[in-house]
Amino acid sequence: MTSSASTFEHGSPSATTTRLSVDLGALAENWRKMRDLSGSARCGAAVKANAYGTGADRVAPRLAREGCRDFFVADANEAAALRPLLPDARIYVLNGVFEGSFAQTLAHDLIPIINSPQQAAFWCANADGRAYALHIDTGMNRMGLTPEEAAAHSQGSAPPPCLVMSHFACADDPDHPLNQEQIKLFDSIRPCFAGIEASLANSGGIFLGSATHHDLTRPGIALYGGDPVSDVPNRMRTVVTAQTRVLVIRNAKAGQTVSYGAAHTLTRDSRIAVCGVGYADGFHRNGSGAGVPLRSAVPQGAFGAINGTRIPVIGKITMDLTMFDVTGLPDGAVNAGDWVELLGPTVSLEEAATAAGTISYELLTSLGRRHARSYVD
């Protein structure tokens with residue numbers, strides 16, 4: 001990776017108490033890995049939800065430089081914001097089209113992914129033959145035409161789609177039987193759309209092998225460093241590093257309590273690093289070291305790290321502040337003004353999400369606006 005100076009956005013680096021770095025070089029390497037695993041299929045990219053919280057205006061052009069030409073977003077507003085940055089790309093709108101988004105979809109040359117017979121009828125009656133993709137539900141019961149509806153659509157007078165697609169429900173679990181059921185069902189409907197490109201594989205689906213790759217793959221979480229396959233070592237590079245500034249070091253006595261609700265009682269004389277991050281910044285309250293129901297599932301709560309040494313959260317995470325127990329660190333090892341890693345090379349994205357009782361997708365997409373963001377490449 002070629003390094004460049006960090007450029008801070010959304011805040012002053014000297015004034016911030018939280019900062020977030022996005023490694024665009026690692027992101028590009030992750031995309032190349034998914035591209036190579038996709039075999040002969042083109043490799044697209046899911047950049048919805050502001051590129052999973054990492055900044056679509058920086059991520060999408062970087063992936064375009066690597067050769068990505070197919071981008072997937074949730075709605076027409078997301079797509080319209082990207083069009084000036086991706087003038088030659090195919091931008092697919094996962095939520096499809098409706099009357100209110102129709103003009104914007106046309107104006108920005110977007111490709112709606114049609115998810116129902118009603119959307120299909122509306123688009124084909126009004127779009128004058130403009131391109132669209134057709135989503136076929138193969139077992140998720142979320143979006144998409146049923147196979148029977150898709151077959152009927154293929155026999156009608158509507159112009160054919162440019163792409164047919166479906167979406168895995170359990171691709172992160174390679175042994176789940178629904179994966180093979182969805183592959184077979186998708187393959188059974190494809191003859192109705194002979195000669196039309198097909199797409200099935202998301203991040204986890206790419207790892208299921210060539211039977212899922214078809215013409216176009218759609219990696220998402222893997223690009224941002226998330227683990228696309230459960231219970232195996234993560235092969236993706238870390239993209240996001242989040243840190244918080246130590247504001248105060250407190251000394252407290254055994255028997256005293258920490259934070260709201262007095263839910264955490266100290267069992268020893270302790271040193272506490274009070275840091276300028278909280279649930280308003282996406283550091284979830286469910287990661288609190290005590291006093292919330294999910295602690296019965298993950299008793300230890302969340303943690304941070306200083307110079308590679310992990311330090312636990314103690315007491316309830318608050319809106320703007322979090323307390324870490326630094327008693328085990330040598331005297332002088334942490335001081336006001338130092339930075340604590342929240343996720344990154346020591347605290348992986350998956351570990352941070354699990355400690356908060358959630359998943360990497362939610363953790364990334366809930367990162368708050370107060371982080372001073374920087375991008376390196």
# chains A, B, ... in the order shown; residues from 1 in each chain; ligands from 1

$ residues_around --residues "A:Asp172" --least-positions-apart "5" --cutoff "8 Å" --atoms "only C-alpha atoms" --output "PDB file with N, CA and C atoms, in the first residue's frame"
ATOM      1  N   GLY A 204     -20.382 -13.395   1.421  1.00  0.00           N
ATOM      2  CA  GLY A 204     -20.305 -14.792   1.811  1.00  0.00           C
ATOM      3  C   GLY A 204     -20.559 -15.724   0.649  1.00  0.00           C
ATOM      4  N   GLY A 205     -21.451 -15.336  -0.251  1.00  0.00           N
ATOM      5  CA  GLY A 205     -21.766 -16.172  -1.396  1.00  0.00           C
ATOM      6  C   GLY A 205     -20.589 -16.402  -2.314  1.00  0.00           C
ATOM      7  N   PRO A 228     -16.687 -12.302   6.170  1.00  0.00           N
ATOM      8  CA  PRO A 228     -17.822 -12.738   5.356  1.00  0.00           C
ATOM      9  C   PRO A 228     -18.298 -14.149   5.644  1.00  0.00           C
ATOM     10  N   VAL A 229     -17.498 -14.950   6.357  1.00  0.00           N
ATOM     11  CA  VAL A 229     -17.837 -16.341   6.637  1.00  0.00           C
ATOM     12  C   VAL A 229     -17.651 -16.582   8.126  1.00  0.00           C
ATOM     13  N   SER A 230     -18.689 -17.080   8.784  1.00  0.00           N
ATOM     14  CA  SER A 230     -18.628 -17.282  10.231  1.00  0.00           C
ATOM     15  C   SER A 230     -17.701 -18.434  10.597  1.00  0.00           C
TER      16      SER A 230
END

$ select_by_dssp --residues "stretch 21-254 of chain A" --states "alpha helix (DSSP H)" --output "count of residues only"
82

$ closest_atom_pairs --of "stretch 145-175 of chain A" --to "stretch 119-126 of chain A" --cutoff "9 Å" --atoms "only C-alpha atoms" --output "tab-separated table"
residue	atom	partner	partner_atom	distance
A:His153	CA	A:Ala120	CA	8.4
A:Ala158	CA	A:Cys124	CA	6.1
A:Pro159	CA	A:Cys124	CA	7.1

$ residues_around --residues "stretch 206-221 of chain A" --least-positions-apart "6" --cutoff "10 Å" --atoms "only C-alpha atoms" --output "number ranges by chain"
A: 30-31, 34-35, 37-48, 51-52, 70-72, 163, 165, 167-168, 171-175, 179-180, 182-184, 186-187, 196-200, 227-229, 236, 360-361, 364

$ closest_residue --among "A:Ile189, A:Ala49, A:Ala302, A:Leu145" --to "A:Gly96" --atoms "only C-alpha atoms"
A:Leu145

$ residues_around --residues "A:Glu362" --least-positions-apart "5" --cutoff "10 Å" --atoms "only C-alpha atoms" --output "ChimeraX atom specification"
/A:52-53,282,353,367

$ atom_distance --atom1 "atom CA of A:Gln118" --atom2 "atom CA of A:Asn50"
28.1 Å

$ atom_distance --atom1 "atom CA of A:Asn115" --atom2 "atom CA of A:Ile91"
16.2 Å

$ select_by_dssp --residues "stretch 220-324 of chain A" --states "strand (DSSP E)" --output "VMD selection string"
chain A and resid 240 to 252 257 to 258 264 to 265 270 to 275 303 to 306 309 to 312 322 to 324

$ residues_around --residues "A:Val347" --least-positions-apart "2" --cutoff "12 Å" --atoms "only C-alpha atoms" --output "VMD selection string"
chain A and resid 238 240 to 243 302 to 312 340 to 345 349 to 355

$ atom_distance --atom1 "atom CA of A:Arg268" --atom2 "atom CA of A:Ser348"
28.8 Å

$ closest_residue --among "A:Ala56, A:Ala263, A:Val326, A:Ala336" --to "A:Val246" --atoms "only C-alpha atoms"
A:Ala336

$ closest_residue --among "A:Gly226, A:Pro13, A:Pro160, A:Pro147" --to "A:Ser188" --atoms "only C-alpha atoms"
A:Pro147
